$ cat coords-v3.cif   # mmCIF, C-alpha atoms
data_final
#
loop_
_atom_site.label_atom_id
_atom_site.label_comp_id
_atom_site.auth_asym_id
_atom_site.auth_seq_id
_atom_site.Cartn_x
_atom_site.Cartn_y
_atom_site.Cartn_z
CA MET A 937 17.99 -42.78 -9.99
CA TRP A 938 20.92 -44.21 -8.03
CA TRP A 939 23.43 -43.64 -10.78
CA MET A 940 22.63 -39.91 -10.81
CA MET A 941 22.91 -39.35 -7.06
CA ASN A 942 25.81 -39.70 -4.70
CA GLU A 943 25.47 -41.02 -1.19
CA GLY A 944 24.80 -37.61 0.30
CA GLY A 945 21.96 -36.95 -2.15
CA GLY A 946 23.96 -34.37 -4.15
CA HIS A 947 24.75 -34.27 -7.82
CA TYR A 948 26.98 -37.03 -9.08
CA CYS A 949 29.84 -36.09 -11.36
CA SER A 950 29.98 -38.54 -14.18
CA LYS A 951 33.03 -36.89 -15.82
CA LYS A 952 36.44 -38.38 -15.34
CA THR A 953 38.86 -35.93 -13.72
CA ASP A 954 42.57 -35.75 -13.15
CA ASP A 955 44.27 -34.95 -9.88
CA ILE A 956 44.44 -31.23 -10.60
CA CYS A 957 40.74 -30.65 -11.11
CA GLY A 958 39.36 -33.59 -9.18
CA ASP A 959 37.93 -31.43 -6.37
CA VAL A 960 35.94 -29.17 -8.67
CA CYS A 961 32.96 -31.43 -9.32
CA GLY A 962 31.76 -31.48 -5.77
CA GLN A 963 31.80 -27.74 -5.15
CA GLU A 964 28.79 -25.52 -4.54
CA SER A 965 27.69 -23.49 -7.55
CA SER A 966 28.80 -20.22 -5.94
CA ARG A 967 32.32 -21.57 -5.63
CA LEU A 968 32.42 -23.33 -8.97
CA SER A 969 33.71 -20.39 -11.05
CA LEU A 970 36.59 -19.61 -8.73
CA SER A 971 37.54 -23.26 -8.58
CA ARG A 972 37.50 -23.49 -12.35
CA ILE A 973 39.82 -20.46 -12.59
CA ARG A 974 42.22 -22.05 -10.08
CA CYS A 975 42.05 -25.24 -12.05
CA ILE A 976 42.87 -23.48 -15.33
CA LEU A 977 45.75 -21.50 -13.82
CA ARG A 978 47.28 -24.66 -12.33
CA GLY A 979 47.05 -26.27 -15.74
CA ILE A 980 48.95 -23.51 -17.59
CA ASP A 981 52.55 -24.34 -18.43
CA LEU A 982 55.57 -22.00 -18.24
CA LYS A 983 55.49 -21.06 -21.94
CA THR A 984 51.95 -19.78 -21.62
CA TYR A 985 52.90 -17.65 -18.60
CA ILE A 986 55.77 -16.16 -20.62
CA PHE A 987 53.33 -15.36 -23.42
CA LEU A 988 50.82 -13.70 -21.11
CA PHE A 989 53.17 -11.65 -18.97
CA ILE A 990 55.94 -10.77 -21.45
CA LEU A 991 54.73 -10.96 -25.02
CA VAL A 992 51.29 -9.40 -24.50
CA PRO A 993 52.58 -6.30 -22.61
CA THR A 994 55.32 -5.96 -25.22
CA CYS A 995 52.70 -5.94 -27.98
CA ILE A 996 50.64 -3.34 -26.13
CA PHE A 997 53.72 -1.14 -25.67
CA GLY A 998 54.61 -1.56 -29.35
CA ILE A 999 51.13 -0.44 -30.39
CA TYR A 1000 51.46 2.60 -28.08
CA ILE A 1001 54.79 3.55 -29.64
CA HIS A 1002 53.99 2.73 -33.27
CA GLY A 1003 50.19 3.00 -33.31
CA GLN A 1004 50.32 6.09 -35.50
CA LYS A 1005 52.47 4.26 -38.05
CA ILE A 1006 50.03 1.34 -38.07
CA SER A 1007 47.14 3.75 -38.62
CA TYR A 1008 48.92 5.52 -41.51
CA PHE A 1009 49.92 2.23 -43.11
CA LEU A 1010 46.32 1.01 -43.05
CA ARG A 1011 44.99 4.31 -44.39
CA PRO A 1012 44.19 2.86 -47.87
CA ILE A 1013 41.67 0.53 -46.18
CA TRP A 1014 39.58 3.25 -44.54
CA GLU A 1015 40.16 6.31 -46.75
CA SER A 1016 39.85 6.69 -50.51
CA PRO A 1017 42.20 8.96 -52.48
CA PRO A 1018 40.87 12.41 -53.40
CA LYS A 1019 39.59 13.16 -56.86
CA PRO A 1020 42.52 13.65 -59.27
CA PHE A 1021 43.34 17.17 -60.43
CA HIS A 1022 43.05 18.17 -64.05
CA ASP A 1023 46.68 19.00 -64.88
CA ILE A 1024 47.30 21.86 -67.28
CA PRO A 1025 50.62 21.41 -69.13
CA HIS A 1026 53.04 24.25 -68.43
CA TYR A 1027 55.12 25.65 -71.29
CA PHE A 1028 58.06 27.98 -70.79
CA HIS A 1029 61.34 29.03 -72.32
CA GLU A 1030 63.02 32.39 -71.89
CA ASN A 1031 63.47 32.71 -75.68
CA VAL A 1032 59.77 32.18 -76.48
CA SER A 1033 57.53 35.25 -76.69
CA MET A 1034 54.73 35.77 -74.18
CA GLU A 1035 52.17 35.75 -76.97
CA ALA A 1036 53.38 32.33 -78.11
CA LEU A 1037 53.39 31.02 -74.53
CA CYS A 1038 49.79 32.14 -73.97
CA GLU A 1039 48.74 30.44 -77.20
CA LEU A 1040 50.47 27.20 -76.17
CA HIS A 1041 48.26 27.15 -73.06
CA GLY A 1042 45.11 27.86 -75.09
CA TRP A 1043 44.87 31.44 -73.83
CA ARG A 1044 45.08 34.88 -75.46
CA ILE A 1045 47.58 37.56 -74.62
CA ARG A 1046 46.28 40.73 -72.94
CA GLU A 1047 46.98 44.30 -73.98
CA PHE A 1048 48.48 44.96 -70.55
CA PRO A 1049 49.23 42.67 -67.57
CA ARG A 1050 47.00 42.26 -64.54
CA ARG A 1051 48.03 43.59 -61.16
CA VAL A 1052 49.28 40.90 -58.79
CA TYR A 1053 48.94 40.70 -54.99
CA ASP A 1054 51.03 38.29 -52.92
CA ALA A 1055 49.50 37.70 -49.46
CA VAL A 1056 50.98 35.53 -46.70
CA LEU A 1057 50.61 34.69 -43.02
CA PHE A 1058 54.02 34.98 -41.39
CA SER A 1059 55.48 33.11 -38.43
CA ASN A 1060 59.28 33.07 -38.37
CA GLU A 1061 60.54 32.08 -41.85
CA VAL A 1062 62.79 35.10 -42.55
CA ASP A 1063 65.16 33.34 -44.97
CA ILE A 1064 62.45 31.69 -47.05
CA LEU A 1065 60.40 34.91 -47.12
CA THR A 1066 63.42 36.77 -48.51
CA ILE A 1067 63.90 34.17 -51.26
CA ARG A 1068 60.18 34.23 -52.04
CA TRP A 1069 59.91 38.00 -52.36
CA LYS A 1070 63.15 38.31 -54.35
CA GLU A 1071 61.84 35.66 -56.76
CA LEU A 1072 58.46 37.36 -57.23
CA TYR A 1073 59.52 41.01 -56.91
CA PRO A 1074 59.55 41.94 -60.64
CA TYR A 1075 55.89 40.99 -61.13
CA ILE A 1076 54.17 41.76 -57.81
CA THR A 1077 52.13 44.95 -57.57
CA HIS A 1078 51.65 44.73 -53.82
CA PHE A 1079 52.93 42.53 -50.99
CA VAL A 1080 50.60 41.83 -48.06
CA LEU A 1081 51.82 40.24 -44.82
CA LEU A 1082 49.94 39.48 -41.61
CA GLU A 1083 51.78 38.61 -38.38
CA SER A 1084 50.46 37.51 -34.99
CA ASN A 1085 52.00 37.46 -31.52
CA SER A 1086 50.62 33.92 -31.15
CA THR A 1087 51.21 30.66 -32.95
CA PHE A 1088 48.25 28.63 -34.22
CA THR A 1089 48.65 26.47 -31.10
CA GLY A 1090 48.36 29.43 -28.69
CA ILE A 1091 52.07 29.81 -27.89
CA PRO A 1092 53.27 33.43 -27.50
CA LYS A 1093 55.81 34.45 -30.15
CA PRO A 1094 57.79 37.60 -30.91
CA MET A 1095 56.94 39.79 -33.87
CA VAL A 1096 59.74 38.38 -35.99
CA PHE A 1097 58.98 40.31 -39.18
CA ALA A 1098 58.70 43.60 -37.31
CA SER A 1099 62.17 43.09 -35.83
CA HIS A 1100 63.64 42.18 -39.26
CA ARG A 1101 61.73 44.73 -41.31
CA ASP A 1102 64.90 46.60 -42.27
CA GLN A 1103 65.95 43.55 -44.31
CA PHE A 1104 62.92 44.07 -46.56
CA LYS A 1105 63.36 47.71 -47.54
CA PHE A 1106 63.39 46.64 -51.18
CA ILE A 1107 59.61 46.00 -51.03
CA GLU A 1108 58.66 48.66 -48.48
CA PRO A 1109 56.87 50.99 -50.97
CA ARG A 1110 54.68 48.07 -52.06
CA LEU A 1111 54.08 46.52 -48.62
CA THR A 1112 50.95 46.41 -46.49
CA TYR A 1113 51.89 44.97 -43.10
CA GLY A 1114 49.33 44.09 -40.47
CA THR A 1115 49.34 42.50 -37.02
CA ILE A 1116 46.73 40.55 -35.12
CA GLY A 1117 46.64 39.70 -31.43
CA GLY A 1118 46.47 36.05 -30.48
CA ARG A 1119 43.68 34.61 -28.33
CA PHE A 1120 46.05 32.21 -26.50
CA LYS A 1121 43.47 29.44 -26.13
CA LYS A 1122 45.63 26.43 -25.41
CA GLY A 1123 44.00 23.11 -26.11
CA GLU A 1124 41.80 24.52 -28.87
CA ASN A 1125 42.03 23.02 -32.34
CA PRO A 1126 44.91 24.95 -33.99
CA PHE A 1127 43.01 25.17 -37.26
CA VAL A 1128 40.50 27.51 -35.58
CA GLU A 1129 43.19 30.12 -34.89
CA GLU A 1130 44.61 29.59 -38.37
CA ALA A 1131 41.20 30.17 -39.98
CA LEU A 1132 40.68 33.39 -37.98
CA GLN A 1133 44.02 34.73 -39.14
CA ARG A 1134 43.16 33.97 -42.76
CA VAL A 1135 39.90 35.92 -42.34
CA ALA A 1136 41.93 38.85 -41.00
CA LEU A 1137 44.12 38.59 -44.10
CA ASP A 1138 41.02 39.16 -46.25
CA TYR A 1139 40.46 42.52 -44.54
CA LEU A 1140 44.13 43.43 -44.94
CA LEU A 1141 43.89 42.76 -48.68
CA LYS A 1142 41.00 45.18 -48.97
CA MET A 1143 43.07 47.79 -47.13
CA ALA A 1144 45.85 47.18 -49.65
CA GLY A 1145 43.49 48.13 -52.48
CA ILE A 1146 42.88 44.84 -54.28
CA SER A 1147 40.13 45.01 -56.90
CA ASP A 1148 38.25 42.77 -59.33
CA ASP A 1149 40.35 40.70 -61.77
CA ASP A 1150 43.60 41.40 -59.94
CA LEU A 1151 45.59 38.22 -59.40
CA LEU A 1152 45.86 37.05 -55.80
CA ILE A 1153 48.47 34.46 -54.77
CA MET A 1154 47.25 32.33 -51.87
CA SER A 1155 50.05 30.22 -50.41
CA ASP A 1156 52.16 29.72 -47.32
CA VAL A 1157 55.50 31.51 -47.17
CA ASP A 1158 57.39 28.32 -48.06
CA GLU A 1159 55.20 27.65 -51.14
CA ILE A 1160 56.98 29.76 -53.74
CA PRO A 1161 55.54 30.20 -57.25
CA SER A 1162 58.20 30.61 -59.90
CA ARG A 1163 58.70 34.07 -61.37
CA HIS A 1164 57.83 33.02 -64.93
CA THR A 1165 54.61 31.30 -63.73
CA ILE A 1166 53.24 34.55 -62.29
CA ASN A 1167 54.34 36.52 -65.34
CA LEU A 1168 52.50 34.06 -67.58
CA LEU A 1169 49.26 34.30 -65.57
CA ARG A 1170 49.29 38.09 -65.41
CA TRP A 1171 49.76 38.45 -69.18
CA CYS A 1172 47.32 35.78 -70.41
CA ASP A 1173 43.56 36.18 -70.77
CA ASP A 1174 41.03 33.37 -70.30
CA ILE A 1175 42.97 31.73 -67.46
CA PRO A 1176 40.77 29.86 -64.94
CA GLN A 1177 39.10 31.91 -62.21
CA VAL A 1178 40.91 29.76 -59.63
CA LEU A 1179 44.03 27.78 -60.45
CA HIS A 1180 46.09 25.59 -58.13
CA LEU A 1181 49.86 25.43 -58.65
CA ARG A 1182 51.70 22.10 -58.64
CA LEU A 1183 55.01 22.68 -56.88
CA LYS A 1184 58.10 20.56 -56.42
CA ASN A 1185 57.95 19.32 -52.86
CA TYR A 1186 61.19 19.62 -50.85
CA LEU A 1187 61.94 18.89 -47.19
CA TYR A 1188 64.64 20.62 -45.05
CA SER A 1189 66.44 22.01 -48.15
CA PHE A 1190 66.60 21.67 -51.92
CA GLU A 1191 68.69 18.54 -51.38
CA PHE A 1192 65.68 16.41 -50.47
CA LEU A 1193 63.09 16.26 -53.24
CA VAL A 1194 60.05 14.39 -51.89
CA ASP A 1195 57.85 14.50 -55.01
CA ASN A 1196 56.16 16.91 -57.40
CA ASN A 1197 52.77 16.84 -55.71
CA SER A 1198 52.49 19.94 -53.53
CA TRP A 1199 49.15 21.45 -54.58
CA ARG A 1200 47.81 23.86 -51.92
CA ALA A 1201 49.22 27.05 -53.46
CA SER A 1202 46.73 28.79 -55.74
CA VAL A 1203 46.21 31.91 -57.86
CA HIS A 1204 42.82 33.64 -58.03
CA ARG A 1205 41.31 36.25 -60.26
CA TYR A 1206 39.90 38.34 -57.46
CA GLN A 1207 36.14 38.80 -57.19
CA THR A 1208 34.76 41.18 -54.58
CA GLY A 1209 32.45 39.32 -52.22
CA ASN A 1210 33.41 35.87 -53.55
CA THR A 1211 37.15 35.48 -53.08
CA ARG A 1212 38.16 34.28 -49.62
CA TYR A 1213 41.71 33.59 -48.54
CA ALA A 1214 42.03 29.84 -47.96
CA HIS A 1215 44.55 27.02 -48.00
CA TYR A 1216 42.50 24.03 -49.10
CA ARG A 1217 41.39 22.59 -52.43
CA GLN A 1218 39.22 25.10 -54.28
CA THR A 1219 39.17 23.78 -57.85
CA ASP A 1220 40.13 20.78 -59.98
CA GLU A 1221 42.43 22.81 -62.25
CA ILE A 1222 46.18 22.76 -61.52
CA LEU A 1223 49.15 24.16 -63.46
CA ALA A 1224 52.10 21.78 -63.67
CA ASP A 1225 55.66 22.56 -62.55
CA ALA A 1226 54.85 26.02 -61.21
CA GLY A 1227 57.42 26.51 -58.42
CA TRP A 1228 58.81 25.10 -55.18
CA HIS A 1229 57.55 24.10 -51.75
CA CYS A 1230 60.42 23.93 -49.24
CA SER A 1231 58.98 22.71 -45.94
CA PHE A 1232 60.97 23.01 -42.67
CA CYS A 1233 63.73 24.82 -44.57
CA PHE A 1234 65.36 26.66 -41.66
CA ARG A 1235 68.86 27.91 -40.86
CA HIS A 1236 68.80 27.24 -37.09
CA ILE A 1237 67.93 24.07 -35.16
CA SER A 1238 65.87 26.22 -32.79
CA GLU A 1239 63.60 27.20 -35.69
CA PHE A 1240 62.85 23.55 -36.44
CA ILE A 1241 61.94 22.92 -32.81
CA PHE A 1242 59.78 26.03 -32.65
CA LYS A 1243 57.77 25.04 -35.71
CA MET A 1244 57.33 21.46 -34.48
CA LYS A 1245 55.64 22.86 -31.37
CA ALA A 1246 53.86 25.78 -33.01
CA TYR A 1247 52.24 24.71 -36.27
CA SER A 1248 48.79 23.22 -36.74
CA HIS A 1249 50.01 19.59 -36.68
CA ASN A 1250 51.83 19.88 -33.36
CA ASP A 1251 50.01 16.75 -32.15
CA ARG A 1252 52.60 14.81 -34.14
CA VAL A 1253 55.16 15.56 -31.42
CA ARG A 1254 54.16 12.49 -29.41
CA PHE A 1255 57.35 12.21 -27.36
CA SER A 1256 59.56 14.90 -25.85
CA HIS A 1257 62.77 13.40 -27.25
CA TYR A 1258 61.56 14.33 -30.75
CA LEU A 1259 62.58 17.90 -29.84
CA ASN A 1260 66.14 16.99 -28.85
CA PRO A 1261 68.48 19.24 -30.93
CA LYS A 1262 70.96 16.42 -31.64
CA ARG A 1263 68.14 14.19 -32.86
CA VAL A 1264 66.73 16.98 -35.05
CA GLN A 1265 70.14 17.52 -36.66
CA ARG A 1266 70.61 13.80 -37.23
CA VAL A 1267 67.17 13.45 -38.85
CA ILE A 1268 67.80 16.43 -41.16
CA CYS A 1269 71.06 15.04 -42.53
CA LYS A 1270 69.51 11.62 -42.99
CA GLY A 1271 66.46 12.97 -44.81
CA ALA A 1272 64.17 11.12 -42.40
CA ASP A 1273 60.89 12.27 -40.83
CA LEU A 1274 61.07 14.59 -37.80
CA PHE A 1275 57.89 13.04 -36.39
CA ASP A 1276 58.83 9.42 -37.20
CA MET A 1277 55.74 9.05 -39.37
CA LEU A 1278 54.94 7.02 -42.45
CA PRO A 1279 54.14 8.86 -45.71
CA GLU A 1280 50.65 10.34 -45.94
CA GLU A 1281 49.51 8.46 -49.01
CA TYR A 1282 46.35 6.67 -50.12
CA THR A 1283 47.68 3.46 -51.70
CA PHE A 1284 49.94 0.75 -50.30
CA LYS A 1285 52.16 1.14 -53.37
CA ASP A 1286 52.79 4.83 -52.65
CA ILE A 1287 53.26 4.28 -48.91
CA ILE A 1288 55.81 1.50 -49.39
CA GLY A 1289 57.53 3.41 -52.20
CA LYS A 1290 58.13 6.43 -49.97
CA MET A 1291 59.05 4.62 -46.77
CA GLY A 1292 62.48 5.40 -45.35
CA PRO A 1293 64.69 8.47 -45.78
CA ILE A 1294 64.34 10.73 -48.80
CA PRO A 1295 67.09 10.11 -51.39
CA HIS A 1296 69.72 12.84 -51.60
CA SER A 1297 69.59 15.01 -54.72
CA PHE A 1298 72.69 16.71 -56.09
CA SER A 1299 70.88 18.95 -58.56
CA ALA A 1300 70.57 22.68 -57.99
CA VAL A 1301 69.12 23.36 -61.45
CA HIS A 1302 65.95 25.45 -61.87
CA LEU A 1303 65.92 26.85 -58.35
CA PRO A 1304 65.05 30.45 -57.38
CA SER A 1305 67.64 32.75 -58.95
CA TYR A 1306 68.24 34.79 -55.77
CA LEU A 1307 69.14 31.59 -53.91
CA LEU A 1308 71.88 30.74 -56.40
CA GLU A 1309 73.10 34.34 -56.65
CA ASN A 1310 73.59 34.28 -52.85
CA ALA A 1311 74.71 30.69 -52.44
CA ASP A 1312 77.20 31.48 -49.66
CA LYS A 1313 74.49 33.09 -47.54
CA TYR A 1314 71.96 30.31 -48.15
CA LYS A 1315 74.26 27.31 -48.51
CA PHE A 1316 72.20 25.43 -45.87
CA LEU A 1317 69.45 25.18 -48.49
CA LEU A 1318 71.70 23.68 -51.19
CA PRO A 1319 72.81 20.06 -51.72
CA GLY A 1320 75.64 18.86 -49.51
CA ASN A 1321 75.05 21.31 -46.63
CA CYS A 1322 72.77 19.60 -44.14
CA LEU A 1323 74.43 20.89 -40.96
CA ARG A 1324 72.45 23.65 -39.25
CA GLU A 1325 73.48 26.44 -36.91
CA ASN A 1326 72.91 26.18 -33.18
CA GLU A 1327 71.51 29.36 -31.70
#
$ encode --input "coords-v3.cif" --output "structure tokens"
Amino acid sequence: MWWMMNEGGGHYCSKKTDDICGDVCGQESSRLSLSRIRCILRGIDLKTYIFLFILVPTCIFGIYIHGQKISYFLRPIWESPPKPFHDIPHYFHENVSMEALCELHGWRIREFPRRVYDAVLFSNEVDILTIRWKELYPYITHFVLLESNSTFTGIPKPMVFASHRDQFKFIEPRLTYGTIGGRFKKGENPFVEEALQRVALDYLLKMAGISDDDLLIMSDVDEIPSRHTINLLRWCDDIPQVLHLRLKNYLYSFEFLVDNNSWRASVHRYQTGNTRYAHYRQTDEILADAGWHCSFCFRHISEFIFKMKAYSHNDRVRFSHYLNPKRVQRVICKGADLFDMLPEEYTFKDIIGKMGPIPHSFSAVHLPSYLLENADKYKFLLPGNCLRENE
């Protein structure tokens, strides 16, 4: 048909074209795509070029910098909150008898208290370990400490406790101290090394003479059960076989109270062959207001930097400037996050509610007694003393 053919016998373009794309219709099929692209590019205005070459790269860079924050903020979409704990109300007053306290909890008083073992993995937290052991000293039968020459991330470290052992002569008769050599496998999941060290701690407990129905405290050094909590559990019968402890959650010092939801610390009635030292959820039962968790509570800036590189979540150090001493000091005094992360929560309400720096607290009530008795020595842990020592 004449209206479908041009004079040369080729295809006739029936579409109207403007001057920019007028030469496209007569091209061979192999050249058509390239011509179309040239046509499109010539038709793009300046604003579109600005969008493509400035805004898009900026967005990509922003996602690279803040991608972790975006992921944490959207966490409620892809992860459900864990099953709630069953909270056991905690009753205490120094003028109430132990028999009455046991009855208030629904338990019976024993004829004599259980033996209590406190077992920890140690890295470099000398100050917090001192406060912990002074707080628990009256009621602990035996202290067990395991130290490695390697961090969980495979970084060599000195034997800090061994070099400071003279500071802990007050517990020496009750101490079982063990060491374990690191495997120094860089790049391996840090939780593998951590799990191996906790297995070694099981063997050290057996060497220390733990036996059935003794109480075993499983917690990190900076998760400190209160003295009266341990005394209650050693004197009362019918307590749960495994009981988590809800601790007040502090960051950097007792000036920054995050919340009351630290839960990993636990107390076990030891069972040979069944009890394994662990740091994850092991039961639904939790005792309210049972002590303090003071995370990153160090005297020296260098200790903050060491832990940021050494502990199991070292992947949070995404940029080298996070380790700058001046930045670390500034973040501490502000009560902000060392890793520039959003709160690890499961609802948008909780995430938004905890965004930004932690409010300053000016209360030093109901803290470990040894801390307050030695306030000058440990003033960096008390409200109003955020400046740290440079070493």
$ residues_around --input "coords-v3.cif" --residues "range 1128-1143 of chain A" --least-positions-apart "2" --cutoff "6 Å" --atoms "all atoms listed in the file" --output "PyMOL selection string"
chain A and resi 1088+1125-1126+1145-1146+1213
$ residues_around --input "coords-v3.cif" --residues "Val1096 in chain A" --least-positions-apart "4" --cutoff "10 Å" --atoms "all atoms listed in the file" --output "list of chain:residue names"
A:Phe1058, A:Ser1059, A:Asn1060, A:Glu1061, A:Val1062, A:Glu1083, A:Ser1084, A:Asn1085, A:His1100, A:Arg1101
$ write_last_selection --input "coords-v3.cif" --atoms "C-alpha atoms" --output "PDB file, in the coordinates of the input"
ATOM      1  CA  PHE A1058      54.020  34.980 -41.390  1.00  0.00           C
ATOM      2  CA  SER A1059      55.480  33.110 -38.430  1.00  0.00           C
ATOM      3  CA  ASN A1060      59.280  33.070 -38.370  1.00  0.00           C
ATOM      4  CA  GLU A1061      60.540  32.080 -41.850  1.00  0.00           C
ATOM      5  CA  VAL A1062      62.790  35.100 -42.550  1.00  0.00           C
ATOM      6  CA  GLU A1083      51.780  38.610 -38.380  1.00  0.00           C
ATOM      7  CA  SER A1084      50.460  37.510 -34.990  1.00  0.00           C
ATOM      8  CA  ASN A1085      52.000  37.460 -31.520  1.00  0.00           C
ATOM      9  CA  HIS A1100      63.640  42.180 -39.260  1.00  0.00           C
ATOM     10  CA  ARG A1101      61.730  44.730 -41.310  1.00  0.00           C
TER      11      ARG A1101
END
$ residues_around --input "coords-v3.cif" --residues "range 1292-1302 of chain A" --least-positions-apart "4" --cutoff "6 Å" --atoms "all atoms listed in the file" --output "list in words"
Glu1191, Phe1192, Gly1271, Ala1272 and Pro1319 of chain A
$ atom_distance --input "coords-v3.cif" --atom1 "CA of Glu1039 in chain A" --atom2 "CA of Leu1223 in chain A"
15.1 Å
$ residues_near_point --input "coords-v3.cif" --point "(54.5, 42.2, -58.3)" --cutoff "8 Å" --atoms "all atoms listed in the file" --output "PyMOL selection string"
chain A and resi 1051-1054+1072-1079
$ axis_aligned_box --input "coords-v3.cif" --around "range 1234-1242 of chain A" --padding-each-side "5 Å" --output "AutoDock Vina command-line options"
--center_x 64.3 --center_y 25.4 --center_z -37.2 --size_x 19.1 --size_y 15.0 --size_z 19.0
